[in-house]
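J.: If you scroll down you'll find the structure; I have some questions about it.
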Amino acid sequence: MPSTTMLFPWVRAAPAHARSTRSNVWLLIVGASALRAAGYVYPFLSYRLGELGFSPRAVSGVLTLFGVGWLAGQILWGQLADTLGRRTTLVGAMTLAAVVLPLLAETAAPVAIGTASVIAGMCYDAPRPVISAVVSDEITDRGRRASITGWRHFGVNVGAAVTGASGGLLADQVGLPFLFWANAAACAAFAIAVRLGMPADQSASTNGRSGHGVHTALLRDGRLWLLWLASVLALTPAAGLFSILPLLMASQGMPAAAYGWTQVASAAAVLLLSIPLNGWLKQKAKTSPMVGLLAVSSLILGAGIGAGGLAASPLQYAAAAAAAVPGEIIAFVAASAALDKIAPPHARGLYAGIWGSTLATAVICAPLLAGWSLTQGGPHLVALSTFACGALGALVCLPLALLLPRDHPSEALQPASRL
């Protein structure tokens, strides 16, 4: 019988360490995608609070607490990934989520709900900075990093689509509390998979720097904060898919079912465009500065979602949602590539956590921008302000590009350190 290496010659070409590295990375990506597919707590929290009799103002307050926790959690888990280790941090975050989420299913006390919402928000996107740090640790090829980032984004989007479809069905059949228990079970399963599937963390190291020194250097790193600002400005229109578009459609008297079609259009565009765009971005990442692509993505997002302010039918809103998808895919890959150039090996988790807070910030900013614009000038001002947000993000990329010059063709990535 032919040997395995004769049938599959690439197995022999890949050393054991490389195969182990791929296994670690894909365990995290697949696990995080599955976790998002069971991530019912955020999209269904407002329904649960309404079921408990919370007023609209109280619901808004609890959702704000969730958002604050989300933002703070990105920085916390990123910092802990550097100091405690990648596996320890992710297992701890998922275990904490598995303990806290059932409270949202079973308690009705406002203080308990508020406290649990903050902690749930902290844990909701905890895998993001940890996985970013692991990919930077393990993958030295820029093209492969870009490809992995693209597939991460694809998995999260597919997971989110599954969440909406399965959550609505399950809520009708078995009730909302079951969704929160299911989310907790998924977190526990992911914690077990990471604990068993990833190698133990090595002793944490700061390469001779104290924590104070790391934080001081981070605060002075203008490149990081320009990237953070550009990303917030680009992702605010992206977050508008869940706030700007429904607000505009509601102001025109369109039903929730009409808004649902914008979600379908967005998900379909992600499925159709992810494979060709990921392949293209993988090649671009090897030879091209990605900051320019981040600027382009910001313009696409501002124009795509901003076009919703000019829409007058469900079909036009769906087209606006689909038009923004290429910008969203490019933005995550390009920003991650820029972050890889900025983050020092001893602070990859913290840098990834700070960048990860951009999405939480955008989720907070998008409804504020849309609400103010709609009140002050109607849908046309919403269109203008949303596009202006994307355009400003593109402008911020200009000084960032100057601080991140094109790499010399012969320059190679330094070997990645492991925690």
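If you're wondering about the labels, chains in the structure tokens are A, B, ... by order shown, residues count from 1 in each chain, ligands from 1 in order shown.
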At a cut-off of 12 Å, using only C-alpha atoms, what residues contact Ile113 of chain A? Leave out same-chain residues fewer than 2 positions from it and give the result as a PyMOL selection string.
T.: chain A and resi 45-46+48-49+52+54+58-59+61-63+65-66+100-111+115-121
J.: How about saving the chosen residues, C-alpha atoms kept, as an mmCIF file, in the first residue's frame?
T.:
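The result, stored in selection02.cif:
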```cif
data_model
loop_
_atom_site.group_PDB
_atom_site.id
_atom_site.type_symbol
_atom_site.label_atom_id
_atom_site.label_comp_id
_atom_site.auth_asym_id
_atom_site.auth_seq_id
_atom_site.Cartn_x
_atom_site.Cartn_y
_atom_site.Cartn_z
ATOM 1 C CA LEU A 45 -30.682 40.694 25.063
ATOM 2 C CA SER A 46 -33.132 43.519 24.334
ATOM 3 C CA ARG A 48 -35.159 39.250 27.016
ATOM 4 C CA LEU A 49 -35.226 42.551 28.896
ATOM 5 C CA LEU A 52 -38.880 40.921 31.918
ATOM 6 C CA PHE A 54 -37.843 46.623 31.486
ATOM 7 C CA ALA A 58 -33.802 50.726 30.985
ATOM 8 C CA VAL A 59 -33.178 48.456 28.004
ATOM 9 C CA GLY A 61 -29.089 51.541 29.615
ATOM 10 C CA VAL A 62 -28.379 47.827 29.891
ATOM 11 C CA LEU A 63 -27.287 47.647 26.247
ATOM 12 C CA LEU A 65 -23.459 48.705 29.836
ATOM 13 C CA PHE A 66 -22.935 45.727 27.534
ATOM 14 C CA VAL A 100 -22.237 34.661 33.945
ATOM 15 C CA LEU A 101 -24.512 34.182 30.934
ATOM 16 C CA PRO A 102 -27.024 31.956 32.770
ATOM 17 C CA LEU A 103 -27.670 34.891 35.118
ATOM 18 C CA LEU A 104 -29.133 36.789 32.186
ATOM 19 C CA ALA A 105 -31.420 33.828 31.569
ATOM 20 C CA GLU A 106 -32.640 33.342 35.140
ATOM 21 C CA THR A 107 -32.504 36.595 37.099
ATOM 22 C CA ALA A 108 -34.822 39.595 36.875
ATOM 23 C CA ALA A 109 -33.082 41.828 39.443
ATOM 24 C CA PRO A 110 -31.941 45.073 37.743
ATOM 25 C CA VAL A 111 -28.599 45.227 39.583
ATOM 26 C CA THR A 115 -23.636 43.604 36.382
ATOM 27 C CA ALA A 116 -24.009 40.464 34.291
ATOM 28 C CA SER A 117 -24.416 42.562 31.135
ATOM 29 C CA VAL A 118 -21.095 44.355 31.733
ATOM 30 C CA ILE A 119 -19.280 41.053 32.259
ATOM 31 C CA ALA A 120 -21.070 39.421 29.310
ATOM 32 C CA GLY A 121 -20.013 42.359 27.151
#
```
J.: Would you please give, as a PyMOL selection string, all residues of segment 228-326 of chain A that DSSP assigns to alpha helix (DSSP H) based on the backbone?
T.: chain A and resi 228-239+244-251+256-287+290-306+314-326
J.: Export C-alpha atoms of the chosen residues as a PDB file, in the first residue's frame?
T.:
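The result, stored in again16.pdb:
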```pdb
ATOM      1  CA  TRP A 228      -7.335  53.201  15.894  1.00  0.00           C
ATOM      2  CA  LEU A 229      -8.949  56.459  14.737  1.00  0.00           C
ATOM      3  CA  ALA A 230      -8.959  55.462  11.059  1.00  0.00           C
ATOM      4  CA  SER A 231     -10.520  52.117  11.978  1.00  0.00           C
ATOM      5  CA  VAL A 232     -13.245  53.681  14.137  1.00  0.00           C
ATOM      6  CA  LEU A 233     -14.143  56.080  11.332  1.00  0.00           C
ATOM      7  CA  ALA A 234     -14.248  53.224   8.801  1.00  0.00           C
ATOM      8  CA  LEU A 235     -16.158  50.807  11.019  1.00  0.00           C
ATOM      9  CA  THR A 236     -18.780  53.312  12.179  1.00  0.00           C
ATOM     10  CA  PRO A 237     -20.539  53.109   8.789  1.00  0.00           C
ATOM     11  CA  ALA A 238     -20.075  49.316   8.895  1.00  0.00           C
ATOM     12  CA  ALA A 239     -21.824  49.206  12.267  1.00  0.00           C
ATOM     13  CA  ILE A 244     -28.236  53.520  10.678  1.00  0.00           C
ATOM     14  CA  LEU A 245     -30.201  51.492   8.121  1.00  0.00           C
ATOM     15  CA  PRO A 246     -32.951  50.286  10.492  1.00  0.00           C
ATOM     16  CA  LEU A 247     -33.340  53.814  11.855  1.00  0.00           C
ATOM     17  CA  LEU A 248     -33.766  55.202   8.338  1.00  0.00           C
ATOM     18  CA  MET A 249     -36.178  52.452   7.323  1.00  0.00           C
ATOM     19  CA  ALA A 250     -38.263  52.901  10.448  1.00  0.00           C
ATOM     20  CA  SER A 251     -38.464  56.655   9.797  1.00  0.00           C
ATOM     21  CA  ALA A 256     -39.011  44.948  10.387  1.00  0.00           C
ATOM     22  CA  ALA A 257     -39.388  42.317   7.675  1.00  0.00           C
ATOM     23  CA  ALA A 258     -38.104  44.834   5.124  1.00  0.00           C
ATOM     24  CA  TYR A 259     -35.026  45.444   7.269  1.00  0.00           C
ATOM     25  CA  GLY A 260     -34.487  41.695   7.407  1.00  0.00           C
ATOM     26  CA  TRP A 261     -33.821  41.738   3.665  1.00  0.00           C
ATOM     27  CA  THR A 262     -30.863  44.067   4.188  1.00  0.00           C
ATOM     28  CA  GLN A 263     -29.372  41.371   6.444  1.00  0.00           C
ATOM     29  CA  VAL A 264     -29.990  38.754   3.769  1.00  0.00           C
ATOM     30  CA  ALA A 265     -28.359  40.949   1.110  1.00  0.00           C
ATOM     31  CA  SER A 266     -25.349  41.624   3.318  1.00  0.00           C
ATOM     32  CA  ALA A 267     -24.875  37.950   4.188  1.00  0.00           C
ATOM     33  CA  ALA A 268     -25.212  36.926   0.528  1.00  0.00           C
ATOM     34  CA  ALA A 269     -22.592  39.485  -0.501  1.00  0.00           C
ATOM     35  CA  VAL A 270     -20.210  38.198   2.173  1.00  0.00           C
ATOM     36  CA  LEU A 271     -20.629  34.628   0.923  1.00  0.00           C
ATOM     37  CA  LEU A 272     -20.111  35.620  -2.717  1.00  0.00           C
ATOM     38  CA  LEU A 273     -17.212  38.039  -2.275  1.00  0.00           C
ATOM     39  CA  SER A 274     -15.147  36.556   0.552  1.00  0.00           C
ATOM     40  CA  ILE A 275     -13.364  33.885  -1.497  1.00  0.00           C
ATOM     41  CA  PRO A 276     -12.229  36.114  -4.426  1.00  0.00           C
ATOM     42  CA  LEU A 277     -11.411  39.065  -2.167  1.00  0.00           C
ATOM     43  CA  ASN A 278      -9.457  36.944   0.311  1.00  0.00           C
ATOM     44  CA  GLY A 279      -7.327  35.537  -2.498  1.00  0.00           C
ATOM     45  CA  TRP A 280      -6.682  39.007  -3.887  1.00  0.00           C
ATOM     46  CA  LEU A 281      -5.883  40.470  -0.471  1.00  0.00           C
ATOM     47  CA  LYS A 282      -3.483  37.613   0.258  1.00  0.00           C
ATOM     48  CA  GLN A 283      -1.441  38.568  -2.793  1.00  0.00           C
ATOM     49  CA  LYS A 284      -1.632  42.306  -2.091  1.00  0.00           C
ATOM     50  CA  ALA A 285      -0.424  41.825   1.482  1.00  0.00           C
ATOM     51  CA  LYS A 286       2.848  40.353   0.224  1.00  0.00           C
ATOM     52  CA  THR A 287       3.850  43.382  -1.862  1.00  0.00           C
ATOM     53  CA  MET A 290      -2.244  47.846   3.242  1.00  0.00           C
ATOM     54  CA  VAL A 291      -2.895  51.319   4.665  1.00  0.00           C
ATOM     55  CA  GLY A 292      -3.930  52.506   1.209  1.00  0.00           C
ATOM     56  CA  LEU A 293      -6.465  49.701   1.027  1.00  0.00           C
ATOM     57  CA  LEU A 294      -7.743  50.656   4.477  1.00  0.00           C
ATOM     58  CA  ALA A 295      -8.409  54.153   3.106  1.00  0.00           C
ATOM     59  CA  VAL A 296     -10.257  52.699   0.107  1.00  0.00           C
ATOM     60  CA  SER A 297     -12.331  50.476   2.365  1.00  0.00           C
ATOM     61  CA  SER A 298     -13.314  53.454   4.492  1.00  0.00           C
ATOM     62  CA  LEU A 299     -14.588  55.276   1.409  1.00  0.00           C
ATOM     63  CA  ILE A 300     -16.526  52.203   0.243  1.00  0.00           C
ATOM     64  CA  LEU A 301     -18.155  51.786   3.651  1.00  0.00           C
ATOM     65  CA  GLY A 302     -19.069  55.467   3.933  1.00  0.00           C
ATOM     66  CA  ALA A 303     -20.535  55.529   0.442  1.00  0.00           C
ATOM     67  CA  GLY A 304     -22.298  52.165   0.729  1.00  0.00           C
ATOM     68  CA  ILE A 305     -24.091  52.672   4.028  1.00  0.00           C
ATOM     69  CA  GLY A 306     -24.439  56.397   3.348  1.00  0.00           C
ATOM     70  CA  PRO A 314     -36.469  47.979   0.589  1.00  0.00           C
ATOM     71  CA  LEU A 315     -34.603  46.923  -2.564  1.00  0.00           C
ATOM     72  CA  GLN A 316     -32.520  50.099  -2.513  1.00  0.00           C
ATOM     73  CA  TYR A 317     -31.683  49.613   1.149  1.00  0.00           C
ATOM     74  CA  ALA A 318     -30.654  46.020   0.458  1.00  0.00           C
ATOM     75  CA  ALA A 319     -28.427  47.247  -2.371  1.00  0.00           C
ATOM     76  CA  ALA A 320     -26.777  49.754  -0.022  1.00  0.00           C
ATOM     77  CA  ALA A 321     -26.072  47.009   2.517  1.00  0.00           C
ATOM     78  CA  ALA A 322     -24.536  44.752  -0.144  1.00  0.00           C
ATOM     79  CA  ALA A 323     -22.471  47.596  -1.632  1.00  0.00           C
ATOM     80  CA  ALA A 324     -20.718  48.146   1.710  1.00  0.00           C
ATOM     81  CA  VAL A 325     -19.578  44.530   2.089  1.00  0.00           C
ATOM     82  CA  PRO A 326     -16.348  44.783   0.027  1.00  0.00           C
TER      83      PRO A 326
END
```
J.: Pick out the closest residue to Leu369 of chain A from this set: A:Gly390, A:Pro345, A:Gly240, A:Gly78. Count only C-alpha atoms.
T.: A:Gly240
J.: Provide the atom CA of Ala186 of chain A to atom CA of Glu328 of chain A distance in Å, to one decimal place.
T.: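 That distance, rounded to one decimal, is 26.6 Å.
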J.: Have a look at A:Gly168, A:Trp151, A:Thr88, A:Val68 and name the one nearest to Gly114 of chain A; count only C-alpha atoms.
T.: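 That would be A:Val68, the residue with the smallest distance to Gly114 of chain A.
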J.: Pick out the residues sitting within 12 Å of Leu381 of chain A, and hand them over as a PyMOL selection string; count only C-alpha atoms, and ignore anything fewer than 4 positions along from it in its own chain.
T.: chain A and resi 244+248+306-310+369-377+385-389
J.: How would the residues just chosen look if you wrote them out with C-alpha atoms as a PDB file, in the first residue's frame?
T.:
```
ATOM      1  CA  ILE A 244     -28.236  53.520  10.678  1.00  0.00           C
ATOM      2  CA  LEU A 248     -33.766  55.202   8.338  1.00  0.00           C
ATOM      3  CA  GLY A 306     -24.439  56.397   3.348  1.00  0.00           C
ATOM      4  CA  ALA A 307     -26.410  55.551   0.212  1.00  0.00           C
ATOM      5  CA  GLY A 308     -29.125  54.336   2.569  1.00  0.00           C
ATOM      6  CA  GLY A 309     -29.920  57.980   3.244  1.00  0.00           C
ATOM      7  CA  LEU A 310     -30.949  58.302  -0.408  1.00  0.00           C
ATOM      8  CA  LEU A 369     -24.339  59.769  14.380  1.00  0.00           C
ATOM      9  CA  ALA A 370     -27.510  58.541  12.678  1.00  0.00           C
ATOM     10  CA  GLY A 371     -29.833  59.863  15.379  1.00  0.00           C
ATOM     11  CA  TRP A 372     -28.277  63.328  15.372  1.00  0.00           C
ATOM     12  CA  SER A 373     -28.223  63.566  11.569  1.00  0.00           C
ATOM     13  CA  LEU A 374     -31.792  62.362  11.176  1.00  0.00           C
ATOM     14  CA  THR A 375     -33.040  64.853  13.768  1.00  0.00           C
ATOM     15  CA  GLN A 376     -31.083  67.784  12.387  1.00  0.00           C
ATOM     16  CA  GLY A 377     -31.463  67.307   8.657  1.00  0.00           C
ATOM     17  CA  SER A 385     -22.524  62.529   7.526  1.00  0.00           C
ATOM     18  CA  THR A 386     -22.030  58.789   6.989  1.00  0.00           C
ATOM     19  CA  PHE A 387     -20.024  59.363   3.828  1.00  0.00           C
ATOM     20  CA  ALA A 388     -18.068  62.150   5.566  1.00  0.00           C
ATOM     21  CA  CYS A 389     -17.207  59.715   8.356  1.00  0.00           C
TER      22      CYS A 389
END
```
J.: Just the residues within 8 Å of Arg348 of chain A, please, counting only C-alpha atoms, with nothing from its chain fewer than 5 positions along; format it as a list in words.
T.: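 Those residues are Gly78, Asp82, Ser132, Ala133, Ser136 and Ala343 of chain A.
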J.: Between atom CA of Pro289 of chain A and atom CA of Leu226 of chain A, what is the distance in Å, rounded to a tenth?
T.: 15.5 Å
